[in-house]
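Visitor: Input file: coords.pdb. Contents: PDB, C-alpha atoms.
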ATOM      1  CA  MET S   7      30.215  21.319  11.300  1.00  0.00           C
ATOM      2  CA  PRO S   8      30.822  22.713   7.800  1.00  0.00           C
ATOM      3  CA  SER S   9      28.001  22.300   5.339  1.00  0.00           C
ATOM      4  CA  ALA S  10      29.943  22.175   2.083  1.00  0.00           C
ATOM      5  CA  ARG S  11      32.677  19.640   1.541  1.00  0.00           C
ATOM      6  CA  ARG S  12      35.609  20.613  -0.610  1.00  0.00           C
ATOM      7  CA  ARG S  13      37.724  17.741  -1.754  1.00  0.00           C
ATOM      8  CA  ARG S  14      41.226  18.229  -3.021  1.00  0.00           C
ATOM      9  CA  SER S  15      42.609  15.427  -5.063  1.00  0.00           C
ATOM     10  CA  ASP S  16      45.123  13.357  -3.197  1.00  0.00           C
ATOM     11  CA  THR S  17      48.696  13.654  -4.334  1.00  0.00           C
ATOM     12  CA  PRO S  18      50.380  10.264  -4.527  1.00  0.00           C
ATOM     13  CA  PRO S  19      53.652   9.608  -2.666  1.00  0.00           C
ATOM     14  CA  PRO S  20      56.632  11.151  -4.419  1.00  0.00           C
ATOM     15  CA  ARG S  21      58.895   9.525  -6.938  1.00  0.00           C
ATOM     16  CA  THR S  22      62.402  10.034  -5.639  1.00  0.00           C
ATOM     17  CA  GLY S  23      65.936   9.166  -6.533  1.00  0.00           C
ATOM     18  CA  ASP S  24      67.448   5.896  -5.400  1.00  0.00           C
ATOM     19  CA  SER S  25      69.805   7.026  -2.653  1.00  0.00           C
ATOM     20  CA  GLU S  26      68.748   6.956   0.972  1.00  0.00           C
ATOM     21  CA  ILE S  27      69.032  10.726   1.314  1.00  0.00           C
ATOM     22  CA  GLU S  28      67.035  11.319  -1.899  1.00  0.00           C
ATOM     23  CA  VAL S  29      64.231   9.049  -0.685  1.00  0.00           C
ATOM     24  CA  LEU S  30      64.094  10.618   2.780  1.00  0.00           C
ATOM     25  CA  ARG S  31      64.214  14.166   1.434  1.00  0.00           C
ATOM     26  CA  GLY S  32      61.561  13.362  -1.163  1.00  0.00           C
ATOM     27  CA  PHE S  33      59.124  12.142   1.469  1.00  0.00           C
ATOM     28  CA  LEU S  34      59.910  15.049   3.800  1.00  0.00           C
ATOM     29  CA  ASP S  35      59.337  17.561   0.989  1.00  0.00           C
ATOM     30  CA  TYR S  36      56.029  15.875   0.172  1.00  0.00           C
ATOM     31  CA  LEU S  37      54.888  16.315   3.781  1.00  0.00           C
ATOM     32  CA  ARG S  38      56.228  19.862   3.996  1.00  0.00           C
ATOM     33  CA  HIS S  39      54.173  20.850   0.964  1.00  0.00           C
ATOM     34  CA  SER S  40      51.083  19.155   2.435  1.00  0.00           C
ATOM     35  CA  VAL S  41      51.213  20.979   5.781  1.00  0.00           C
ATOM     36  CA  ALA S  42      51.753  24.386   4.185  1.00  0.00           C
ATOM     37  CA  ALA S  43      48.828  23.768   1.809  1.00  0.00           C
ATOM     38  CA  LYS S  44      46.544  22.921   4.760  1.00  0.00           C
ATOM     39  CA  VAL S  45      47.105  26.420   6.157  1.00  0.00           C
ATOM     40  CA  GLU S  46      47.432  28.574   3.013  1.00  0.00           C
ATOM     41  CA  ASP S  47      43.797  28.955   2.078  1.00  0.00           C
ATOM     42  CA  ALA S  48      42.122  28.146   5.390  1.00  0.00           C
ATOM     43  CA  PRO S  49      39.498  30.646   6.545  1.00  0.00           C
ATOM     44  CA  GLU S  50      39.848  33.121   9.403  1.00  0.00           C
ATOM     45  CA  PRO S  51      39.199  33.059  12.307  1.00  0.00           C
ATOM     46  CA  GLY S  52      38.964  29.269  12.303  1.00  0.00           C
ATOM     47  CA  ILE S  53      42.594  28.876  11.324  1.00  0.00           C
ATOM     48  CA  ARG S  54      43.599  29.995  14.824  1.00  0.00           C
ATOM     49  CA  THR S  55      40.623  28.603  16.732  1.00  0.00           C
ATOM     50  CA  ALA S  56      41.168  25.565  18.924  1.00  0.00           C
ATOM     51  CA  ALA S  57      39.514  22.547  17.313  1.00  0.00           C
ATOM     52  CA  VAL S  58      40.087  20.230  20.271  1.00  0.00           C
ATOM     53  CA  PRO S  59      40.320  20.670  24.070  1.00  0.00           C
ATOM     54  CA  SER S  60      44.146  20.792  23.963  1.00  0.00           C
ATOM     55  CA  GLY S  61      43.962  24.082  22.041  1.00  0.00           C
ATOM     56  CA  THR S  62      45.492  22.706  18.850  1.00  0.00           C
ATOM     57  CA  ASN S  63      44.898  24.842  15.749  1.00  0.00           C
ATOM     58  CA  LEU S  64      46.283  25.068  12.229  1.00  0.00           C
ATOM     59  CA  LEU S  65      48.468  28.145  12.711  1.00  0.00           C
ATOM     60  CA  GLY S  66      49.926  26.772  15.925  1.00  0.00           C
ATOM     61  CA  LEU S  67      50.827  23.450  14.331  1.00  0.00           C
ATOM     62  CA  LEU S  68      52.602  25.093  11.408  1.00  0.00           C
ATOM     63  CA  GLY S  69      54.392  27.464  13.782  1.00  0.00           C
ATOM     64  CA  HIS S  70      55.553  24.467  15.811  1.00  0.00           C
ATOM     65  CA  LEU S  71      56.849  22.717  12.696  1.00  0.00           C
ATOM     66  CA  THR S  72      58.773  25.889  11.815  1.00  0.00           C
ATOM     67  CA  HIS S  73      60.558  25.705  15.171  1.00  0.00           C
ATOM     68  CA  VAL S  74      61.269  21.989  14.748  1.00  0.00           C
ATOM     69  CA  GLU S  75      62.833  22.578  11.297  1.00  0.00           C
ATOM     70  CA  ARG S  76      64.980  25.392  12.672  1.00  0.00           C
ATOM     71  CA  SER S  77      66.031  23.386  15.714  1.00  0.00           C
ATOM     72  CA  MET S  78      66.859  20.212  13.796  1.00  0.00           C
ATOM     73  CA  PHE S  79      68.698  21.652  10.810  1.00  0.00           C
ATOM     74  CA  LEU S  80      69.830  25.122  11.886  1.00  0.00           C
ATOM     75  CA  GLY S  81      70.674  24.392  15.515  1.00  0.00           C
ATOM     76  CA  ASP S  82      68.204  26.876  17.036  1.00  0.00           C
ATOM     77  CA  ARG S  83      67.648  26.241  20.712  1.00  0.00           C
ATOM     78  CA  VAL S  84      64.029  25.975  21.886  1.00  0.00           C
ATOM     79  CA  THR S  85      63.471  26.317  25.619  1.00  0.00           C
ATOM     80  CA  ASP S  86      59.672  25.940  25.679  1.00  0.00           C
ATOM     81  CA  TRP S  87      58.309  23.529  23.078  1.00  0.00           C
ATOM     82  CA  GLN S  88      54.699  24.004  24.270  1.00  0.00           C
ATOM     83  CA  ALA S  89      54.941  27.717  23.465  1.00  0.00           C
ATOM     84  CA  THR S  90      55.786  26.912  19.841  1.00  0.00           C
ATOM     85  CA  PHE S  91      52.213  25.668  19.333  1.00  0.00           C
ATOM     86  CA  HIS S  92      50.708  29.121  19.949  1.00  0.00           C
ATOM     87  CA  ALA S  93      50.277  31.581  17.092  1.00  0.00           C
ATOM     88  CA  VAL S  94      50.705  35.276  17.767  1.00  0.00           C
ATOM     89  CA  PRO S  95      47.295  36.982  17.363  1.00  0.00           C
ATOM     90  CA  GLN S  96      48.509  39.490  14.767  1.00  0.00           C
ATOM     91  CA  ASP S  97      50.070  36.797  12.526  1.00  0.00           C
ATOM     92  CA  SER S  98      48.149  36.059   9.366  1.00  0.00           C
ATOM     93  CA  ALA S  99      48.148  32.680   7.689  1.00  0.00           C
ATOM     94  CA  ALA S 100      50.432  34.174   5.030  1.00  0.00           C
ATOM     95  CA  ASP S 101      52.921  35.261   7.740  1.00  0.00           C
ATOM     96  CA  VAL S 102      53.048  31.800   9.323  1.00  0.00           C
ATOM     97  CA  VAL S 103      53.318  30.010   5.959  1.00  0.00           C
ATOM     98  CA  ALA S 104      56.088  32.395   4.838  1.00  0.00           C
ATOM     99  CA  ARG S 105      58.090  31.760   8.030  1.00  0.00           C
ATOM    100  CA  TYR S 106      57.665  28.009   7.566  1.00  0.00           C
ATOM    101  CA  ARG S 107      58.784  28.157   3.944  1.00  0.00           C
ATOM    102  CA  THR S 108      61.805  30.276   4.892  1.00  0.00           C
ATOM    103  CA  ALA S 109      62.785  27.750   7.562  1.00  0.00           C
ATOM    104  CA  VAL S 110      62.410  24.919   5.038  1.00  0.00           C
ATOM    105  CA  GLU S 111      64.558  26.770   2.477  1.00  0.00           C
ATOM    106  CA  GLN S 112      67.256  27.377   5.082  1.00  0.00           C
ATOM    107  CA  ALA S 113      67.093  23.744   6.211  1.00  0.00           C
ATOM    108  CA  ASP S 114      67.367  22.610   2.597  1.00  0.00           C
ATOM    109  CA  THR S 115      70.484  24.740   2.159  1.00  0.00           C
ATOM    110  CA  VAL S 116      72.058  22.785   5.014  1.00  0.00           C
ATOM    111  CA  LEU S 117      70.792  19.435   3.666  1.00  0.00           C
ATOM    112  CA  ASP S 118      72.109  20.178   0.171  1.00  0.00           C
ATOM    113  CA  ARG S 119      75.627  19.885   1.625  1.00  0.00           C
ATOM    114  CA  CYS S 120      74.894  16.481   3.186  1.00  0.00           C
ATOM    115  CA  THR S 121      75.964  13.447   1.205  1.00  0.00           C
ATOM    116  CA  ASP S 122      76.550  10.941   4.009  1.00  0.00           C
ATOM    117  CA  ALA S 123      73.402   9.855   5.863  1.00  0.00           C
ATOM    118  CA  GLY S 124      75.497   8.694   8.805  1.00  0.00           C
ATOM    119  CA  ALA S 125      77.321  11.997   9.271  1.00  0.00           C
ATOM    120  CA  PRO S 126      76.098  14.574  11.792  1.00  0.00           C
ATOM    121  CA  VAL S 127      73.899  17.413  10.537  1.00  0.00           C
ATOM    122  CA  PRO S 128      76.250  20.376  10.063  1.00  0.00           C
ATOM    123  CA  ARG S 129      75.221  23.184  12.371  1.00  0.00           C
ATOM    124  CA  PRO S 130      76.500  26.735  12.733  1.00  0.00           C
ATOM    125  CA  ARG S 131      76.916  26.277  16.507  1.00  0.00           C
ATOM    126  CA  SER S 132      78.622  23.314  18.057  1.00  0.00           C
ATOM    127  CA  ASP S 133      77.443  23.746  21.657  1.00  0.00           C
ATOM    128  CA  ARG S 134      75.342  20.593  21.487  1.00  0.00           C
ATOM    129  CA  PRO S 135      75.735  17.353  19.558  1.00  0.00           C
ATOM    130  CA  ALA S 136      73.987  17.059  16.214  1.00  0.00           C
ATOM    131  CA  PRO S 137      72.098  13.929  15.171  1.00  0.00           C
ATOM    132  CA  SER S 138      72.997  12.058  12.031  1.00  0.00           C
ATOM    133  CA  VAL S 139      71.433  13.235   8.782  1.00  0.00           C
ATOM    134  CA  ARG S 140      69.553   9.913   8.637  1.00  0.00           C
ATOM    135  CA  TRP S 141      68.103  10.358  12.125  1.00  0.00           C
ATOM    136  CA  ALA S 142      67.220  14.017  11.529  1.00  0.00           C
ATOM    137  CA  LEU S 143      65.409  13.309   8.256  1.00  0.00           C
ATOM    138  CA  THR S 144      63.566  10.322   9.703  1.00  0.00           C
ATOM    139  CA  HIS S 145      62.534  12.324  12.758  1.00  0.00           C
ATOM    140  CA  MET S 146      61.312  15.203  10.596  1.00  0.00           C
ATOM    141  CA  ILE S 147      59.253  12.819   8.454  1.00  0.00           C
ATOM    142  CA  GLU S 148      57.676  11.392  11.625  1.00  0.00           C
ATOM    143  CA  GLU S 149      57.090  14.811  13.212  1.00  0.00           C
ATOM    144  CA  THR S 150      55.717  16.445  10.069  1.00  0.00           C
ATOM    145  CA  GLY S 151      53.603  13.392   9.187  1.00  0.00           C
ATOM    146  CA  ARG S 152      52.072  13.207  12.663  1.00  0.00           C
ATOM    147  CA  HIS S 153      51.122  16.876  12.613  1.00  0.00           C
ATOM    148  CA  ALA S 154      49.924  16.615   8.991  1.00  0.00           C
ATOM    149  CA  GLY S 155      47.382  14.088  10.244  1.00  0.00           C
ATOM    150  CA  HIS S 156      46.265  16.493  12.964  1.00  0.00           C
ATOM    151  CA  MET S 157      45.996  19.244  10.380  1.00  0.00           C
ATOM    152  CA  ASP S 158      43.930  17.048   8.055  1.00  0.00           C
ATOM    153  CA  ILE S 159      41.361  16.480  10.786  1.00  0.00           C
ATOM    154  CA  ILE S 160      41.307  20.092  11.971  1.00  0.00           C
ATOM    155  CA  ARG S 161      40.944  21.396   8.427  1.00  0.00           C
ATOM    156  CA  GLU S 162      38.054  19.032   7.711  1.00  0.00           C
ATOM    157  CA  LEU S 163      36.330  20.135  10.941  1.00  0.00           C
ATOM    158  CA  LEU S 164      36.962  23.778  10.030  1.00  0.00           C
ATOM    159  CA  ASP S 165      35.581  23.966   6.519  1.00  0.00           C
ATOM    160  CA  GLY S 166      35.136  20.446   5.184  1.00  0.00           C
ATOM    161  CA  ALA S 167      38.276  20.519   3.022  1.00  0.00           C
ATOM    162  CA  THR S 168      39.904  17.126   2.629  1.00  0.00           C
ATOM    163  CA  GLY S 169      42.745  15.659   0.608  1.00  0.00           C
ATOM    164  CA  ARG S 170      46.369  16.612   0.197  1.00  0.00           C
TER     165      ARG S 170
END
Could I get this structure in the form of structure tokens?

Guide:
Amino acid sequence: MPSARRRRSDTPPPRTGDSEIEVLRGFLDYLRHSVAAKVEDAPEPGIRTAAVPSGTNLLGLLGHLTHVERSMFLGDRVTDWQATFHAVPQDSAADVVARYRTAVEQADTVLDRCTDAGAPVPRPRSDRPAPSVRWALTHMIEETGRHAGHMDIIRELLDGATGR
């Protein structure tokens, strides 16, 4: 257990616009920022060390969220979701965070063209049906929020850092 506790100040929920898409995107962006921040300054080798019996670690969680972003908004096909939780040994935290941020930027480029929450997410490939923008944003808030909670606990166990 870490001896020193570092406390970040909590960031309050975002102020967003009034439209449904603005609210959903505001909350998703808030969570996206939070999960990247949990990994950015985390110490090695703990960042890739399993904190619980399932093997969950910070780098693996952010790598998984990268795949979920790419699948949901860019249409990437993932054949083994369990594999997305495993970080490659040579990847640094900076590598994993950069890939996540790139995926988020690319997803945002797609979302910037979406004005109707009920319309399907536009995807470059049409070999499988796309969910509505509303469903995709809500799912990403749920997925990112759930893993943000895991990351909060793992980070506190790792070095005592808390807060968003």

Visitor: Listed atoms of region 23-38 of chain S, axis-aligned box, 6 Å per side: centre and edge lengths to one decimal in Å, as AutoDock Vina command-line options?

Guide:
--center_x 62.3 --center_y 12.9 --center_z -1.3 --size_x 26.9 --size_y 26.0 --size_z 22.5

Visitor: For a cut-off of 12 Å around (52.9, 32.7, 17.4), file coordinates, pick out all residues using only C-alpha atoms and list them as a ChimeraX atom specification.

Guide: /S:54,63-73,88-99,101-103,105-106

Visitor: Give me the result of the PyMOL selection byres ((chain S and resi 26) around 12) on this file, residue by residue, as number ranges by chain.

Guide: S: 22-25, 27-33, 120-124, 139-141, 143-144

Visitor: Name the residues that the PyMOL selection byres ((chain S and resi 153-160) around 9) pulls out of this structure, and write them as a PyMOL selection string.

Guide: chain S and resi 37-38+40-41+44-45+53+56-58+62-64+67-68+71+148-152+161-165+167-170

Visitor: Evaluating the PyMOL selection byres ((chain S and resi 128) around 12) on the displayed file yields which residues, as a ChimeraX atom specification?

Guide: /S:78-81,113-127,129-132,134-139,142

Visitor: Just how far from CA of Pro18 (chain S) is CA of His145 (chain S), in Å to one decimal?

Guide: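 We find that CA of His145 (chain S) and CA of Pro18 (chain S) lie 21.2 Å from each other.
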
Visitor: Which residue out of S:Arg83, S:Met146, S:Arg76, S:Ala100 has the minimum interatomic distance to Ala42 (chain S) when only C-alpha atoms are used?

Guide: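 Once distances to Ala42 (chain S) are computed over only C-alpha atoms, the minimum belongs to S:Ala100.
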
Visitor: So how many Å separate CA of Glu111 (chain S) and CA of Pro51 (chain S), to one decimal?

Guide: 27.9 Å

Visitor: Kindly give the distance, in Å, that separates CA of Ala104 (chain S) and CA of Ala43 (chain S), rounded to a single decimal.

Guide: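 Distance between the two atoms: 11.7 Å.
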
Visitor: Measuring atom to atom with all atoms listed in the file, identify which of S:Glu46, S:Val74, S:Tyr36, S:Val110 is nearest to Pro20 (chain S).

Guide: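 Residue with the minimum atom-to-atom distance to Pro20 (chain S): S:Tyr36.
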